[in-house]
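Engineer: Next comes coords_23.cif, mmCIF, C-alpha atoms (C1' of nucleotides):
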```
data_upload
#
loop_
_atom_site.group_PDB
_atom_site.id
_atom_site.type_symbol
_atom_site.label_atom_id
_atom_site.label_comp_id
_atom_site.auth_asym_id
_atom_site.auth_seq_id
_atom_site.Cartn_x
_atom_site.Cartn_y
_atom_site.Cartn_z
ATOM 1 C CA MET A 1 18.296 -13.890 8.488
ATOM 2 C CA ASN A 2 21.395 -11.947 9.372
ATOM 3 C CA HIS A 3 21.076 -9.486 6.556
ATOM 4 C CA MET A 4 17.596 -8.369 7.575
ATOM 5 C CA VAL A 5 17.113 -4.703 8.358
ATOM 6 C CA LYS A 6 14.283 -2.752 9.841
ATOM 7 C CA HIS A 7 11.837 -3.194 7.037
ATOM 8 C CA SER A 8 8.876 -1.440 8.535
ATOM 9 C CA ALA A 9 9.490 2.069 7.220
ATOM 10 C CA HIS A 10 10.393 0.714 3.808
ATOM 11 C CA LEU A 11 7.332 -1.485 3.731
ATOM 12 C CA ASP A 12 4.996 1.440 4.306
ATOM 13 C CA ALA A 13 6.373 3.184 1.259
ATOM 14 C CA VAL A 14 6.684 0.099 -0.910
ATOM 15 C CA PHE A 15 3.187 -1.188 -0.299
ATOM 16 C CA HIS A 16 1.765 2.275 -0.723
ATOM 17 C CA ALA A 17 3.581 2.645 -4.029
ATOM 18 C CA LEU A 18 2.223 -0.706 -5.173
ATOM 19 C CA SER A 19 -1.348 0.139 -4.221
ATOM 20 C CA ASP A 20 -1.885 2.264 -7.332
ATOM 21 C CA PRO A 21 -2.549 0.489 -10.648
ATOM 22 C CA THR A 22 -0.820 3.191 -12.676
ATOM 23 C CA ARG A 23 2.349 2.758 -10.671
ATOM 24 C CA ARG A 24 2.182 -1.024 -10.920
ATOM 25 C CA ALA A 25 1.840 -0.673 -14.671
ATOM 26 C CA MET A 26 4.842 1.632 -14.714
ATOM 27 C CA LEU A 27 6.859 -1.009 -12.924
ATOM 28 C CA GLY A 28 5.669 -3.507 -15.503
ATOM 29 C CA GLN A 29 6.942 -1.237 -18.217
ATOM 30 C CA LEU A 30 10.245 -0.821 -16.418
ATOM 31 C CA ALA A 31 10.574 -4.585 -16.130
ATOM 32 C CA GLU A 32 10.928 -4.686 -19.881
ATOM 33 C CA ARG A 33 13.265 -1.774 -20.398
ATOM 34 C CA GLU A 34 14.485 1.491 -18.962
ATOM 35 C CA CYS A 35 12.113 4.353 -19.641
ATOM 36 C CA THR A 36 12.056 8.131 -19.584
ATOM 37 C CA ILE A 37 9.347 9.957 -17.673
ATOM 38 C CA GLY A 38 7.646 10.719 -20.964
ATOM 39 C CA GLU A 39 7.626 7.085 -21.974
ATOM 40 C CA LEU A 40 6.102 6.239 -18.636
ATOM 41 C CA ALA A 41 3.489 8.975 -18.960
ATOM 42 C CA THR A 42 2.127 8.422 -22.473
ATOM 43 C CA PRO A 43 0.534 4.966 -22.054
ATOM 44 C CA PHE A 44 -1.798 6.390 -19.428
ATOM 45 C CA SER A 45 -2.904 9.545 -21.228
ATOM 46 C CA MET A 46 -1.709 11.383 -18.180
ATOM 47 C CA SER A 47 0.053 14.726 -17.890
ATOM 48 C CA PHE A 48 3.806 14.681 -17.546
ATOM 49 C CA ALA A 49 3.425 16.322 -14.179
ATOM 50 C CA GLY A 50 1.108 13.533 -13.074
ATOM 51 C CA ALA A 51 3.513 10.864 -14.225
ATOM 52 C CA SER A 52 6.339 12.731 -12.567
ATOM 53 C CA LYS A 53 4.520 12.489 -9.255
ATOM 54 C CA HIS A 54 4.010 8.754 -9.624
ATOM 55 C CA VAL A 55 7.648 8.302 -10.494
ATOM 56 C CA ARG A 56 8.640 10.225 -7.414
ATOM 57 C CA VAL A 57 6.483 7.965 -5.265
ATOM 58 C CA LEU A 58 8.163 4.915 -6.776
ATOM 59 C CA GLU A 59 11.552 6.512 -6.338
ATOM 60 C CA ARG A 60 10.967 7.331 -2.676
ATOM 61 C CA ALA A 61 9.835 3.765 -2.138
ATOM 62 C CA GLY A 62 13.160 2.704 -3.588
ATOM 63 C CA LEU A 63 11.495 0.822 -6.429
ATOM 64 C CA LEU A 64 12.994 2.987 -9.129
ATOM 65 C CA SER A 65 16.213 4.857 -9.664
ATOM 66 C CA ARG A 66 16.813 7.571 -12.183
ATOM 67 C CA LYS A 67 19.859 8.579 -14.137
ATOM 68 C CA ILE A 68 19.617 12.163 -15.373
ATOM 69 C CA ARG A 69 21.181 12.438 -18.805
ATOM 70 C CA GLY A 70 20.759 16.000 -19.929
ATOM 71 C CA ARG A 71 17.123 16.912 -19.955
ATOM 72 C CA ILE A 72 16.116 13.241 -20.032
ATOM 73 C CA HIS A 73 15.481 11.295 -16.856
ATOM 74 C CA GLN A 74 16.126 7.631 -17.509
ATOM 75 C CA CYS A 75 14.335 5.402 -15.022
ATOM 76 C CA ARG A 76 15.152 1.855 -14.145
ATOM 77 C CA LEU A 77 13.522 -0.715 -11.951
ATOM 78 C CA GLN A 78 15.071 -1.236 -8.535
ATOM 79 C CA ALA A 79 13.705 -4.470 -7.186
ATOM 80 C CA GLU A 80 15.455 -4.987 -3.847
ATOM 81 C CA ARG A 81 12.604 -3.402 -1.939
ATOM 82 C CA LEU A 82 10.196 -5.691 -3.692
ATOM 83 C CA ALA A 83 12.265 -8.529 -2.343
ATOM 84 C CA GLU A 84 11.881 -7.102 1.159
ATOM 85 C CA ALA A 85 8.144 -6.905 0.683
ATOM 86 C CA GLN A 86 7.998 -10.467 -0.541
ATOM 87 C CA GLU A 87 10.088 -11.577 2.367
ATOM 88 C CA TRP A 88 7.627 -9.952 4.729
ATOM 89 C CA MET A 89 4.829 -11.868 3.026
ATOM 90 C CA LYS A 90 6.616 -15.150 3.400
ATOM 91 C CA ARG A 91 5.586 -15.201 7.019
ATOM 92 C CA TYR A 92 2.049 -15.837 5.820
ATOM 93 C CA GLU A 93 2.822 -18.444 3.228
ATOM 94 C CA ARG A 94 1.792 -21.289 5.447
ATOM 95 C CA PHE A 95 -1.731 -19.889 5.510
ATOM 96 C CA TRP A 96 -2.200 -20.483 1.846
ATOM 97 C CA ASN A 97 0.275 -23.292 1.271
ATOM 98 C CA VAL A 98 -1.235 -25.399 4.001
ATOM 99 C CA LYS A 99 -4.738 -26.645 3.464
ATOM 100 C CA LEU A 100 -4.934 -28.927 6.485
ATOM 101 C CA ASP A 101 -3.970 -27.797 9.942
ATOM 102 C CA ALA A 102 -2.738 -31.274 10.736
ATOM 103 C CA LEU A 103 0.098 -30.863 8.257
ATOM 104 C CA GLU A 104 1.165 -27.525 9.604
ATOM 105 C CA SER A 105 4.015 -28.590 11.839
ATOM 106 C CA LEU A 106 5.350 -30.961 9.246
ATOM 107 C CA LEU A 107 5.560 -28.207 6.701
ATOM 108 C CA ARG A 108 7.218 -25.849 9.135
ATOM 109 C CA GLU A 109 9.887 -28.457 9.594
ATOM 110 C CA GLU A 110 10.393 -28.494 5.859
ATOM 111 C CA ASP A 111 10.720 -24.717 5.816
ATOM 112 C CA LYS A 112 13.508 -24.902 8.371
ATOM 113 C CA GLN A 113 15.346 -27.412 6.253
ATOM 114 C CA LYS A 114 14.887 -25.230 3.200
ATOM 115 C CA GLU A 115 16.524 -22.368 5.092
ATOM 116 C CA LYS A 116 19.405 -24.575 6.122
ATOM 117 C CA LYS A 117 20.040 -25.672 2.576
ATOM 118 C CA ALA A 118 19.825 -22.117 1.285
ATOM 119 C CA LYS A 119 22.619 -21.131 3.654
ATOM 120 C CA GLU A 120 24.898 -23.897 2.479
ATOM 121 C CA MET B 1 -1.456 -20.121 -14.682
ATOM 122 C CA ASN B 2 -4.954 -21.351 -15.363
ATOM 123 C CA HIS B 3 -6.284 -20.377 -11.980
ATOM 124 C CA MET B 4 -5.251 -16.735 -12.325
ATOM 125 C CA VAL B 5 -8.003 -14.151 -12.133
ATOM 126 C CA LYS B 6 -8.091 -10.443 -12.707
ATOM 127 C CA HIS B 7 -5.973 -9.421 -9.797
ATOM 128 C CA SER B 8 -5.777 -5.716 -10.421
ATOM 129 C CA ALA B 9 -8.741 -4.545 -8.377
ATOM 130 C CA HIS B 10 -7.795 -6.860 -5.541
ATOM 131 C CA LEU B 11 -4.211 -5.724 -5.635
ATOM 132 C CA ASP B 12 -5.159 -2.092 -5.145
ATOM 133 C CA ALA B 13 -6.987 -2.961 -1.953
ATOM 134 C CA VAL B 14 -4.480 -5.505 -0.707
ATOM 135 C CA PHE B 15 -1.414 -3.334 -1.154
ATOM 136 C CA HIS B 16 -3.208 -0.365 0.310
ATOM 137 C CA ALA B 17 -4.187 -2.422 3.327
ATOM 138 C CA LEU B 18 -0.596 -3.547 3.760
ATOM 139 C CA SER B 19 0.811 -0.028 3.509
ATOM 140 C CA ASP B 20 -0.131 0.799 7.085
ATOM 141 C CA PRO B 21 2.085 -0.530 9.903
ATOM 142 C CA THR B 22 -0.811 -0.857 12.322
ATOM 143 C CA ARG B 23 -2.662 -3.078 9.895
ATOM 144 C CA ARG B 24 0.428 -5.149 9.193
ATOM 145 C CA ALA B 25 0.840 -5.649 12.919
ATOM 146 C CA MET B 26 -2.784 -6.687 13.173
ATOM 147 C CA LEU B 27 -2.181 -9.313 10.518
ATOM 148 C CA GLY B 28 0.831 -10.456 12.499
ATOM 149 C CA GLN B 29 -1.369 -10.858 15.516
ATOM 150 C CA LEU B 30 -3.934 -12.759 13.486
ATOM 151 C CA ALA B 31 -1.235 -15.061 12.204
ATOM 152 C CA GLU B 32 -0.887 -16.370 15.735
ATOM 153 C CA ARG B 33 -4.529 -16.663 16.663
ATOM 154 C CA GLU B 34 -8.007 -15.405 15.966
ATOM 155 C CA CYS B 35 -8.707 -12.094 17.662
ATOM 156 C CA THR B 36 -11.618 -9.898 18.583
ATOM 157 C CA ILE B 37 -11.660 -6.260 17.556
ATOM 158 C CA GLY B 38 -10.782 -5.328 21.112
ATOM 159 C CA GLU B 39 -7.791 -7.637 21.165
ATOM 160 C CA LEU B 40 -6.626 -6.067 17.939
ATOM 161 C CA ALA B 41 -7.130 -2.547 19.268
ATOM 162 C CA THR B 42 -5.416 -2.708 22.682
ATOM 163 C CA PRO B 43 -1.793 -3.308 21.602
ATOM 164 C CA PHE B 44 -1.808 0.004 19.737
ATOM 165 C CA SER B 45 -3.393 2.199 22.405
ATOM 166 C CA MET B 46 -5.939 3.093 19.822
ATOM 167 C CA SER B 47 -9.659 3.688 20.191
ATOM 168 C CA PHE B 48 -11.966 0.807 19.361
ATOM 169 C CA ALA B 49 -13.464 2.894 16.588
ATOM 170 C CA GLY B 50 -10.020 3.412 15.107
ATOM 171 C CA ALA B 51 -9.255 -0.278 15.216
ATOM 172 C CA SER B 52 -12.660 -1.021 13.766
ATOM 173 C CA LYS B 53 -11.785 1.117 10.750
ATOM 174 C CA HIS B 54 -8.503 -0.699 10.207
ATOM 175 C CA VAL B 55 -10.249 -4.020 10.470
ATOM 176 C CA ARG B 56 -12.761 -2.932 7.871
ATOM 177 C CA VAL B 57 -9.945 -1.972 5.512
ATOM 178 C CA LEU B 58 -8.393 -5.408 5.969
ATOM 179 C CA GLU B 59 -11.778 -7.035 5.545
ATOM 180 C CA ARG B 60 -12.523 -5.193 2.302
ATOM 181 C CA ALA B 61 -9.116 -6.187 1.014
ATOM 182 C CA GLY B 62 -10.117 -9.770 1.710
ATOM 183 C CA LEU B 63 -7.279 -10.260 4.174
ATOM 184 C CA LEU B 64 -9.534 -10.887 7.142
ATOM 185 C CA SER B 65 -12.898 -12.467 7.714
ATOM 186 C CA ARG B 66 -15.057 -12.046 10.759
ATOM 187 C CA LYS B 67 -17.440 -14.356 12.518
ATOM 188 C CA ILE B 68 -19.921 -12.460 14.678
ATOM 189 C CA ARG B 69 -20.607 -14.397 17.842
ATOM 190 C CA GLY B 70 -22.996 -12.365 19.903
ATOM 191 C CA ARG B 71 -21.474 -8.994 20.615
ATOM 192 C CA ILE B 72 -18.007 -10.281 19.842
ATOM 193 C CA HIS B 73 -16.533 -10.098 16.368
ATOM 194 C CA GLN B 74 -13.999 -12.847 15.953
ATOM 195 C CA CYS B 75 -11.488 -12.060 13.212
ATOM 196 C CA ARG B 76 -9.316 -14.509 11.379
ATOM 197 C CA LEU B 77 -6.609 -14.120 8.819
ATOM 198 C CA GLN B 78 -7.585 -14.765 5.224
ATOM 199 C CA ALA B 79 -4.395 -15.206 3.264
ATOM 200 C CA GLU B 80 -5.478 -16.014 -0.285
ATOM 201 C CA ARG B 81 -5.216 -12.393 -1.354
ATOM 202 C CA LEU B 82 -1.737 -12.259 0.057
ATOM 203 C CA ALA B 83 -0.954 -15.157 -2.223
ATOM 204 C CA GLU B 84 -2.274 -13.167 -5.154
ATOM 205 C CA ALA B 85 -0.086 -10.242 -4.191
ATOM 206 C CA GLN B 86 2.940 -12.447 -3.892
ATOM 207 C CA GLU B 87 2.178 -13.980 -7.228
ATOM 208 C CA TRP B 88 2.107 -10.525 -8.768
ATOM 209 C CA MET B 89 5.528 -9.866 -7.264
ATOM 210 C CA LYS B 90 6.976 -13.040 -8.690
ATOM 211 C CA ARG B 91 7.182 -11.344 -12.044
ATOM 212 C CA TYR B 92 9.983 -9.246 -10.601
ATOM 213 C CA GLU B 93 11.886 -11.975 -8.856
ATOM 214 C CA ARG B 94 14.508 -12.217 -11.549
ATOM 215 C CA PHE B 95 15.494 -8.629 -10.819
ATOM 216 C CA TRP B 96 16.669 -9.425 -7.337
ATOM 217 C CA ASN B 97 17.525 -13.089 -7.595
ATOM 218 C CA VAL B 98 19.967 -12.461 -10.373
ATOM 219 C CA LYS B 99 22.885 -10.178 -9.675
ATOM 220 C CA LEU B 100 24.754 -10.784 -12.906
ATOM 221 C CA ASP B 101 22.927 -11.332 -16.126
ATOM 222 C CA ALA B 102 25.538 -13.880 -17.140
ATOM 223 C CA LEU B 103 24.679 -16.054 -14.179
ATOM 224 C CA GLU B 104 20.959 -15.852 -14.682
ATOM 225 C CA SER B 105 20.311 -19.266 -16.143
ATOM 226 C CA LEU B 106 22.759 -20.947 -13.803
ATOM 227 C CA LEU B 107 21.048 -19.543 -10.750
ATOM 228 C CA ARG B 108 17.620 -20.459 -12.037
ATOM 229 C CA GLU B 109 18.886 -23.999 -12.354
ATOM 230 C CA GLU B 110 19.954 -23.888 -8.726
ATOM 231 C CA ASP B 111 16.532 -22.645 -7.696
ATOM 232 C CA LYS B 112 14.899 -25.553 -9.435
ATOM 233 C CA GLN B 113 17.121 -27.973 -7.546
ATOM 234 C CA LYS B 114 16.329 -26.265 -4.277
ATOM 235 C CA GLU B 115 12.640 -26.745 -4.968
ATOM 236 C CA LYS B 116 13.201 -30.387 -5.758
ATOM 237 C CA LYS B 117 14.981 -30.966 -2.482
ATOM 238 C CA ALA B 118 12.217 -29.219 -0.573
ATOM 239 C CA LYS B 119 9.696 -31.581 -2.087
ATOM 240 C CA GLU B 120 11.674 -34.685 -1.141
ATOM 241 C "C1'" DA C 1 20.390 33.765 -29.521
ATOM 242 C "C1'" DG C 2 16.012 31.738 -29.966
ATOM 243 C "C1'" DA C 3 12.881 27.882 -30.331
ATOM 244 C "C1'" DA C 4 11.694 23.313 -29.136
ATOM 245 C "C1'" DT C 5 11.863 19.360 -25.878
ATOM 246 C "C1'" DG C 6 11.771 16.923 -21.316
ATOM 247 C "C1'" DT C 7 10.883 17.425 -16.690
ATOM 248 C "C1'" DT C 8 9.740 19.687 -12.308
ATOM 249 C "C1'" DT C 9 7.404 23.076 -9.323
ATOM 250 C "C1'" DA C 10 3.596 25.538 -7.613
ATOM 251 C "C1'" DA C 11 -1.055 26.255 -6.915
ATOM 252 C "C1'" DC C 12 -5.214 24.266 -6.835
ATOM 253 C "C1'" DC C 13 -9.172 20.786 -6.412
ATOM 254 C "C1'" DA C 14 -11.866 16.806 -4.875
ATOM 255 C "C1'" DT C 15 -11.606 12.933 -2.372
ATOM 256 C "C1'" DA C 16 -9.375 9.556 0.782
ATOM 257 C "C1'" DT C 17 -6.879 8.544 4.990
ATOM 258 C "C1'" DG C 18 -5.915 7.840 9.852
ATOM 259 C "C1'" DG C 19 -7.207 9.397 13.799
ATOM 260 C "C1'" DT C 20 -10.355 11.266 17.440
ATOM 261 C "C1'" DT C 21 -14.858 11.720 20.431
ATOM 262 C "C1'" DC C 22 -19.422 10.814 21.502
ATOM 263 C "C1'" DA C 23 -23.715 8.676 20.635
ATOM 264 C "C1'" DA C 24 -26.105 4.392 19.069
ATOM 265 C "C1'" DT C 25 -26.731 -0.517 18.777
ATOM 266 C "C1'" DA C 26 -26.556 -5.220 20.277
ATOM 267 C "C1'" DT C 27 -25.627 -8.690 23.385
ATOM 268 C "C1'" DA C 28 -24.443 -10.514 27.992
ATOM 269 C "C1'" DA C 29 -24.578 -10.439 32.942
ATOM 270 C "C1'" DC C 30 -26.578 -9.369 37.352
ATOM 271 C "C1'" DG D 1 -34.934 -4.493 33.736
ATOM 272 C "C1'" DT D 2 -30.791 -2.261 34.388
ATOM 273 C "C1'" DT D 3 -26.088 -2.156 33.834
ATOM 274 C "C1'" DA D 4 -21.870 -3.437 31.734
ATOM 275 C "C1'" DT D 5 -19.339 -4.941 27.514
ATOM 276 C "C1'" DA D 6 -18.192 -5.131 22.455
ATOM 277 C "C1'" DT D 7 -18.589 -2.946 18.407
ATOM 278 C "C1'" DT D 8 -20.204 0.331 14.919
ATOM 279 C "C1'" DG D 9 -21.674 4.901 13.107
ATOM 280 C "C1'" DA D 10 -21.532 9.809 12.602
ATOM 281 C "C1'" DA D 11 -19.333 13.980 12.756
ATOM 282 C "C1'" DC D 12 -15.202 16.114 12.701
ATOM 283 C "C1'" DC D 13 -10.110 17.311 11.882
ATOM 284 C "C1'" DA D 14 -5.560 17.514 9.726
ATOM 285 C "C1'" DT D 15 -3.051 15.725 6.298
ATOM 286 C "C1'" DA D 16 -2.199 12.872 2.111
ATOM 287 C "C1'" DT D 17 -3.493 11.447 -2.492
ATOM 288 C "C1'" DG D 18 -4.165 11.531 -7.418
ATOM 289 C "C1'" DG D 19 -5.109 14.451 -10.642
ATOM 290 C "C1'" DT D 20 -5.079 18.948 -13.283
ATOM 291 C "C1'" DT D 21 -3.051 23.419 -15.475
ATOM 292 C "C1'" DA D 22 0.278 26.908 -16.070
ATOM 293 C "C1'" DA D 23 4.707 28.612 -15.260
ATOM 294 C "C1'" DA D 24 9.696 27.676 -14.543
ATOM 295 C "C1'" DC D 25 13.964 25.287 -15.510
ATOM 296 C "C1'" DA D 26 17.335 22.818 -18.139
ATOM 297 C "C1'" DT D 27 19.040 21.042 -22.182
ATOM 298 C "C1'" DT D 28 19.315 20.386 -27.061
ATOM 299 C "C1'" DC D 29 18.684 21.875 -31.803
ATOM 300 C "C1'" DT D 30 18.932 25.235 -35.498
#
```
For this file, produce the structure as structure tokens.

Structural biologist:
Amino acid sequence: MNHMVKHSAHLDAVFHALSDPTRRAMLGQLAERECTIGELATPFSMSFAGASKHVRVLERAGLLSRKIRGRIHQCRLQAERLAEAQEWMKRYERFWNVKLDALESLLREEDKQKEKKAKE
Amino acid sequence: MNHMVKHSAHLDAVFHALSDPTRRAMLGQLAERECTIGELATPFSMSFAGASKHVRVLERAGLLSRKIRGRIHQCRLQAERLAEAQEWMKRYERFWNVKLDALESLLREEDKQKEKKAKE
DNA sequence: AGAATGTTTAACCATATGGTTCAATATAAC
DNA sequence: GTTATATTGAACCATATGGTTAAACATTCT
């Protein structure tokens, strides 16, 4: 847990970015290949300006980076912030992994061991 | 993947709910114990009405359920939707788990072994 | 140079958001 | 029954959001 930073500000932006279905779909597209703004815009029958705004939201959330090549803006997925978000969620895993309260402490013990092994 | 449902509508609400730091903190509180609206409001020096709104957002996202006992509304964490959100994110895991494409399969193999050990 | 292409900016619109205050409701306590 | 407590609802405010169109900018093509 040494590498953890102050996630909170990031998390605001990341979760907000993920709360829109268009932006989630854009990320899905970017998971397959790098895309230009135009390529991101057309599947949603949305204006370029509209898509541009969504891309900026994703970019500010750190979920996307762009490489400007001439007039073309090539976008690629940037997933580290997703990892931070998932890490935040891990705190709540026991609430859906654990069906019986009686097993709770046992499973927490297992989690600790998992962490230990991951560090090795 | 048989149990998967149409997540999209849920995800909008869940990620939106998570995008606010006050609400995330409320979930953190609820992870420790059930809370009344008042108990959720006081740590943030926020009006009861304000807290009530946040709680409703969490409730509509399915992250919280309330049991009304007299005048007191007892809230408890409801984590299934968080699980759905995390499942959505899993699609992107390979983008942060794998630093070098060449190592991708190797590292996935390691992950599998880690899981095995955790189950032992 | 001039036209076409890819993207952003600016202005605008309707609605949502996060917050407040004050009144209303419902229950509990005296 | 009156008062205190817990919560919601309504009205309001400032700002953000998701979208548009039209103009501006930058680059490429001819």

Engineer: Given the file shown, enumerate the residues that the PyMOL selection byres ((chain D) within 7 of (chain A)) captures and present them as a VMD selection string.

Structural biologist: chain D and resid 19 26 to 27

Engineer: To one decimal place, how far is CA of Gly38 in chain A from CA of Met26 in chain A in Å?

Structural biologist: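 Between CA of Gly38 in chain A and CA of Met26 in chain A the gap is 11.4 Å.
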
Engineer: I need the output of the PyMOL selection byres ((chain D and resi 5) around 9) for this file as a ChimeraX atom specification; which residues are they?

Structural biologist: /B:71 /C:27-28 /D:4,6

Engineer: Expressed in Å to a single decimal, how great is the separation between C1' of DT3 in chain D and CA of His73 in chain B?

Structural biologist: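 Separation between C1' of DT3 in chain D and CA of His73 in chain B: 21.4 Å.
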
Engineer: Looking at only C-alpha atoms, which of B:Ala83, B:Cys75, B:Leu11, B:Ala41 is the one that sits closest to Ala25 in chain B?

Structural biologist: B:Ala41

Engineer: Pull out every residue of chain C that has at least one atom within 10 Å of chain B, counting all atoms listed in the file, and report them as a ChimeraX atom specification.

Structural biologist: /C:18-21,26-28

Engineer: Pull out every residue of chain B sitting within 10 Å of chain A, counting all atoms listed in the file, and send them as a compact mmCIF listing (two decimals) with C-alpha atoms, keeping the file's coordinate frame.

Structural biologist:
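Result went into out_22.txt, see below:
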```txt
# COMPACT_ATOMS: atom_id res chain seq x y z
CA SER B 8 -5.78 -5.72 -10.42
CA ALA B 9 -8.74 -4.54 -8.38
CA HIS B 10 -7.80 -6.86 -5.54
CA LEU B 11 -4.21 -5.72 -5.64
CA ASP B 12 -5.16 -2.09 -5.14
CA ALA B 13 -6.99 -2.96 -1.95
CA VAL B 14 -4.48 -5.50 -0.71
CA PHE B 15 -1.41 -3.33 -1.15
CA HIS B 16 -3.21 -0.36 0.31
CA ALA B 17 -4.19 -2.42 3.33
CA LEU B 18 -0.60 -3.55 3.76
CA SER B 19 0.81 -0.03 3.51
CA ASP B 20 -0.13 0.80 7.08
CA PRO B 21 2.08 -0.53 9.90
CA ARG B 24 0.43 -5.15 9.19
CA LEU B 27 -2.18 -9.31 10.52
CA GLY B 28 0.83 -10.46 12.50
CA ALA B 31 -1.24 -15.06 12.20
CA LEU B 77 -6.61 -14.12 8.82
CA GLN B 78 -7.58 -14.76 5.22
CA ALA B 79 -4.39 -15.21 3.26
CA GLU B 80 -5.48 -16.01 -0.28
CA ARG B 81 -5.22 -12.39 -1.35
CA LEU B 82 -1.74 -12.26 0.06
CA ALA B 83 -0.95 -15.16 -2.22
CA ALA B 85 -0.09 -10.24 -4.19
CA GLN B 86 2.94 -12.45 -3.89
CA GLU B 87 2.18 -13.98 -7.23
CA TRP B 88 2.11 -10.52 -8.77
CA MET B 89 5.53 -9.87 -7.26
CA LYS B 90 6.98 -13.04 -8.69
CA ARG B 91 7.18 -11.34 -12.04
CA TYR B 92 9.98 -9.25 -10.60
CA GLU B 93 11.89 -11.98 -8.86
CA ARG B 94 14.51 -12.22 -11.55
CA PHE B 95 15.49 -8.63 -10.82
CA TRP B 96 16.67 -9.43 -7.34
CA ASN B 97 17.52 -13.09 -7.60
CA ASP B 111 16.53 -22.64 -7.70
CA LYS B 114 16.33 -26.26 -4.28
CA GLU B 115 12.64 -26.74 -4.97
CA LYS B 117 14.98 -30.97 -2.48
CA ALA B 118 12.22 -29.22 -0.57
CA LYS B 119 9.70 -31.58 -2.09
CA GLU B 120 11.67 -34.68 -1.14
```

Engineer: I'd like the interatomic distance between CA of Gly62 in chain A and CA of Ile37 in chain A, to a tenth of an Å.

Structural biologist: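 Separating CA of Gly62 in chain A from CA of Ile37 in chain A is a distance of 16.3 Å.
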
Engineer: Just say which residues the PyMOL selection byres ((chain C and resi 2) around 12) picks in this file, as a VMD selection string.

Structural biologist: (chain C and resid 1 3 to 4) or (chain D and resid 29 to 30)

Engineer: Which residue, D:DT8, D:DT15, D:DT21, D:DT28, has the smallest gap to DA24 in chain C when you use all atoms listed in the file?

Structural biologist: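 Selected residue with least distance to DA24 in chain C: D:DT8.
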